[in-house]
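Heads up, the thing below is written out as structure tokens.
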Amino acid sequence: MLVRIVLWNLADSRTTIEELRRYLSDESVEQFAEVPGLRFKAWISDEATERWGAVYLWESAEAARQELPGRARELIGKEPEIAEEFDVEATVEGRYALEELSRLGLAFDA
């Protein structure tokens, strides 16, 4: 298994966190729900520092190399400042099934 973390600084980008939230709820979440080999994806933000990103959990390095749906790079207008991958040493699911974690967060609170 592999974890990928990507982070953008939006201060000098073409978009805002609010616009990216709309993009998530309108199209991106549905697209990523169908990506083979993607076990989990969380989109993350920090409005105070104008940062946006994502954390991916992949079944394999091969799955992580596939072309992905979505337009985040296009909307933001640049590559992420941070894009790193890590081997997964261990995981735990906790007391919630992943179905209960699906479609939660600020993009769906409105």
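Naming works like this for the structure tokens: A, B, ... for the chains as they're shown, residue 1 at the start of each chain, ligands 1 onward in shown order.
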Would you kindly return, as a list of chain:residue names, each protein, DNA or RNA residue with an atom no farther than 10 Å from any atom of Thr15 of chain A, considering only C-alpha atoms and excluding same-chain residues fewer than 2 positions away?
A:Leu10, A:Ala11, A:Asp12, A:Ser13, A:Ile17, A:Glu18, A:Glu19, A:Leu20, A:Ala72, A:Glu74, A:Leu75, A:Ile76, A:Gly77
Residues from the last selection, N, CA, C and O atoms, saved as a PDB file, in the first residue's frame:
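Listed below is the output, selection-v5.pdb:
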```pdb
ATOM      1  N   LEU A  10      -2.762  28.320  -2.269  1.00  0.00           N
ATOM      2  CA  LEU A  10      -3.696  28.968  -3.191  1.00  0.00           C
ATOM      3  C   LEU A  10      -3.539  30.483  -3.262  1.00  0.00           C
ATOM      4  O   LEU A  10      -4.230  31.131  -4.047  1.00  0.00           O
ATOM      5  N   ALA A  11      -2.638  31.057  -2.469  1.00  0.00           N
ATOM      6  CA  ALA A  11      -2.505  32.513  -2.417  1.00  0.00           C
ATOM      7  C   ALA A  11      -2.242  33.115  -3.796  1.00  0.00           C
ATOM      8  O   ALA A  11      -2.745  34.192  -4.110  1.00  0.00           O
ATOM      9  N   ASP A  12      -1.485  32.422  -4.641  1.00  0.00           N
ATOM     10  CA  ASP A  12      -1.169  32.945  -5.963  1.00  0.00           C
ATOM     11  C   ASP A  12      -1.783  32.065  -7.067  1.00  0.00           C
ATOM     12  O   ASP A  12      -1.242  31.958  -8.157  1.00  0.00           O
ATOM     13  N   SER A  13      -2.924  31.473  -6.765  1.00  0.00           N
ATOM     14  CA  SER A  13      -3.564  30.567  -7.722  1.00  0.00           C
ATOM     15  C   SER A  13      -4.749  31.239  -8.417  1.00  0.00           C
ATOM     16  O   SER A  13      -5.100  32.377  -8.101  1.00  0.00           O
ATOM     17  N   ILE A  17     -10.624  28.314  -1.979  1.00  0.00           N
ATOM     18  CA  ILE A  17     -11.101  27.108  -1.302  1.00  0.00           C
ATOM     19  C   ILE A  17     -12.598  26.935  -1.526  1.00  0.00           C
ATOM     20  O   ILE A  17     -13.067  25.823  -1.783  1.00  0.00           O
ATOM     21  N   GLU A  18     -13.361  28.005  -1.460  1.00  0.00           N
ATOM     22  CA  GLU A  18     -14.813  27.909  -1.665  1.00  0.00           C
ATOM     23  C   GLU A  18     -15.143  27.371  -3.059  1.00  0.00           C
ATOM     24  O   GLU A  18     -16.027  26.517  -3.213  1.00  0.00           O
ATOM     25  N   GLU A  19     -14.446  27.847  -4.076  1.00  0.00           N
ATOM     26  CA  GLU A  19     -14.674  27.346  -5.429  1.00  0.00           C
ATOM     27  C   GLU A  19     -14.298  25.869  -5.542  1.00  0.00           C
ATOM     28  O   GLU A  19     -14.989  25.084  -6.201  1.00  0.00           O
ATOM     29  N   LEU A  20     -13.205  25.484  -4.891  1.00  0.00           N
ATOM     30  CA  LEU A  20     -12.794  24.080  -4.917  1.00  0.00           C
ATOM     31  C   LEU A  20     -13.778  23.191  -4.162  1.00  0.00           C
ATOM     32  O   LEU A  20     -14.019  22.048  -4.560  1.00  0.00           O
ATOM     33  N   ALA A  72      -8.356  19.545 -10.631  1.00  0.00           N
ATOM     34  CA  ALA A  72      -7.785  20.402  -9.584  1.00  0.00           C
ATOM     35  C   ALA A  72      -6.597  21.215 -10.107  1.00  0.00           C
ATOM     36  O   ALA A  72      -6.543  22.427  -9.911  1.00  0.00           O
ATOM     37  N   GLU A  74      -5.866  22.066 -13.109  1.00  0.00           N
ATOM     38  CA  GLU A  74      -6.367  23.055 -14.070  1.00  0.00           C
ATOM     39  C   GLU A  74      -7.024  24.235 -13.345  1.00  0.00           C
ATOM     40  O   GLU A  74      -6.758  25.395 -13.668  1.00  0.00           O
ATOM     41  N   LEU A  75      -7.880  23.951 -12.373  1.00  0.00           N
ATOM     42  CA  LEU A  75      -8.558  25.019 -11.627  1.00  0.00           C
ATOM     43  C   LEU A  75      -7.581  25.867 -10.819  1.00  0.00           C
ATOM     44  O   LEU A  75      -7.722  27.081 -10.751  1.00  0.00           O
ATOM     45  N   ILE A  76      -6.598  25.215 -10.218  1.00  0.00           N
ATOM     46  CA  ILE A  76      -5.615  25.932  -9.392  1.00  0.00           C
ATOM     47  C   ILE A  76      -4.588  26.647 -10.272  1.00  0.00           C
ATOM     48  O   ILE A  76      -4.114  27.719  -9.929  1.00  0.00           O
ATOM     49  N   GLY A  77      -4.260  26.061 -11.403  1.00  0.00           N
ATOM     50  CA  GLY A  77      -3.361  26.711 -12.351  1.00  0.00           C
ATOM     51  C   GLY A  77      -1.891  26.433 -12.141  1.00  0.00           C
ATOM     52  O   GLY A  77      -1.048  27.131 -12.718  1.00  0.00           O
TER      53      GLY A  77
END
```
Please return, as a PyMOL selection string, all residues of chain A that DSSP assigns to alpha helix (DSSP H) on the basis of the backbone.
chain A and resi 17-23+29-32+61-64+72-76+98-101+106-109
Which residues come within 12 Å of Ala90 of chain A, counting only C-alpha atoms, excluding same-chain residues fewer than 2 positions away, as a PyMOL selection string?
chain A and resi 1-3+57+86-88+92-93
Excluding Trp58 of chain A and residues on its chain fewer than 6 positions from it, collect all residues at most 9 Å away from it, counting only C-alpha atoms, and give them as a ChimeraX atom specification.
/A:1-4,37-41,64
Take the selection from the previous step and output its residues with N, CA and C atoms, as an mmCIF file, in the first residue's frame.
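out25.cif, written as the output of this step:
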```cif
data_model
loop_
_atom_site.group_PDB
_atom_site.id
_atom_site.type_symbol
_atom_site.label_atom_id
_atom_site.label_comp_id
_atom_site.auth_asym_id
_atom_site.auth_seq_id
_atom_site.Cartn_x
_atom_site.Cartn_y
_atom_site.Cartn_z
ATOM 1 N N MET A 1 0.845 -1.187 0.000
ATOM 2 C CA MET A 1 0.000 0.000 0.000
ATOM 3 C C MET A 1 0.883 1.241 0.000
ATOM 4 N N LEU A 2 0.296 2.323 -0.480
ATOM 5 C CA LEU A 2 1.034 3.568 -0.650
ATOM 6 C C LEU A 2 0.138 4.745 -0.277
ATOM 7 N N VAL A 3 0.711 5.750 0.366
ATOM 8 C CA VAL A 3 0.001 6.998 0.660
ATOM 9 C C VAL A 3 0.658 8.112 -0.137
ATOM 10 N N ARG A 4 -0.173 8.919 -0.773
ATOM 11 C CA ARG A 4 0.316 10.111 -1.472
ATOM 12 C C ARG A 4 -0.312 11.333 -0.809
ATOM 13 N N GLY A 37 -8.250 0.773 -7.493
ATOM 14 C CA GLY A 37 -7.065 0.754 -6.640
ATOM 15 C C GLY A 37 -6.993 1.860 -5.613
ATOM 16 N N LEU A 38 -7.894 2.825 -5.665
ATOM 17 C CA LEU A 38 -7.926 3.902 -4.671
ATOM 18 C C LEU A 38 -8.777 3.437 -3.502
ATOM 19 N N ARG A 39 -8.153 3.260 -2.347
ATOM 20 C CA ARG A 39 -8.874 2.776 -1.169
ATOM 21 C C ARG A 39 -9.545 3.913 -0.404
ATOM 22 N N PHE A 40 -8.933 5.107 -0.440
ATOM 23 C CA PHE A 40 -9.450 6.236 0.335
ATOM 24 C C PHE A 40 -8.831 7.507 -0.209
ATOM 25 N N LYS A 41 -9.620 8.578 -0.251
ATOM 26 C CA LYS A 41 -9.087 9.900 -0.575
ATOM 27 C C LYS A 41 -9.780 10.915 0.319
ATOM 28 N N ALA A 64 -1.345 3.774 -8.060
ATOM 29 C CA ALA A 64 -1.101 5.198 -7.832
ATOM 30 C C ALA A 64 -0.556 5.899 -9.078
#
```
Surrounding residues of Glu50 of chain A excluding itself and chain neighbours under 2 positions, 7 Å, only C-alpha atoms, as JSON, numbers by chain
{"A": [9, 10, 11, 46, 47, 48, 52]}
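When only C-alpha atoms are used to measure the gap to Arg21 of chain A, the shortest distance among A:Arg95, A:Trp43, A:Glu34, A:Arg65 belongs to A:Trp43.
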Go through chain A and collect every residue that DSSP, computed from the backbone, puts in strand (DSSP E or B); the answer should be as number ranges by chain.
A: 2-9, 38-46, 51-58, 82-87
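With atom CA of Phe108 of chain A on one side and atom CA of Ser25 of chain A on the other, the separation reads 6.4 Å.
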With distances taken over only C-alpha atoms, which of A:Glu67, A:Ala107, A:Ile5, A:Val29 is nearest to Glu85 of chain A?
A:Ile5
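Atom CA of Leu24 of chain A is found 22.7 Å from atom CA of Glu59 of chain A.
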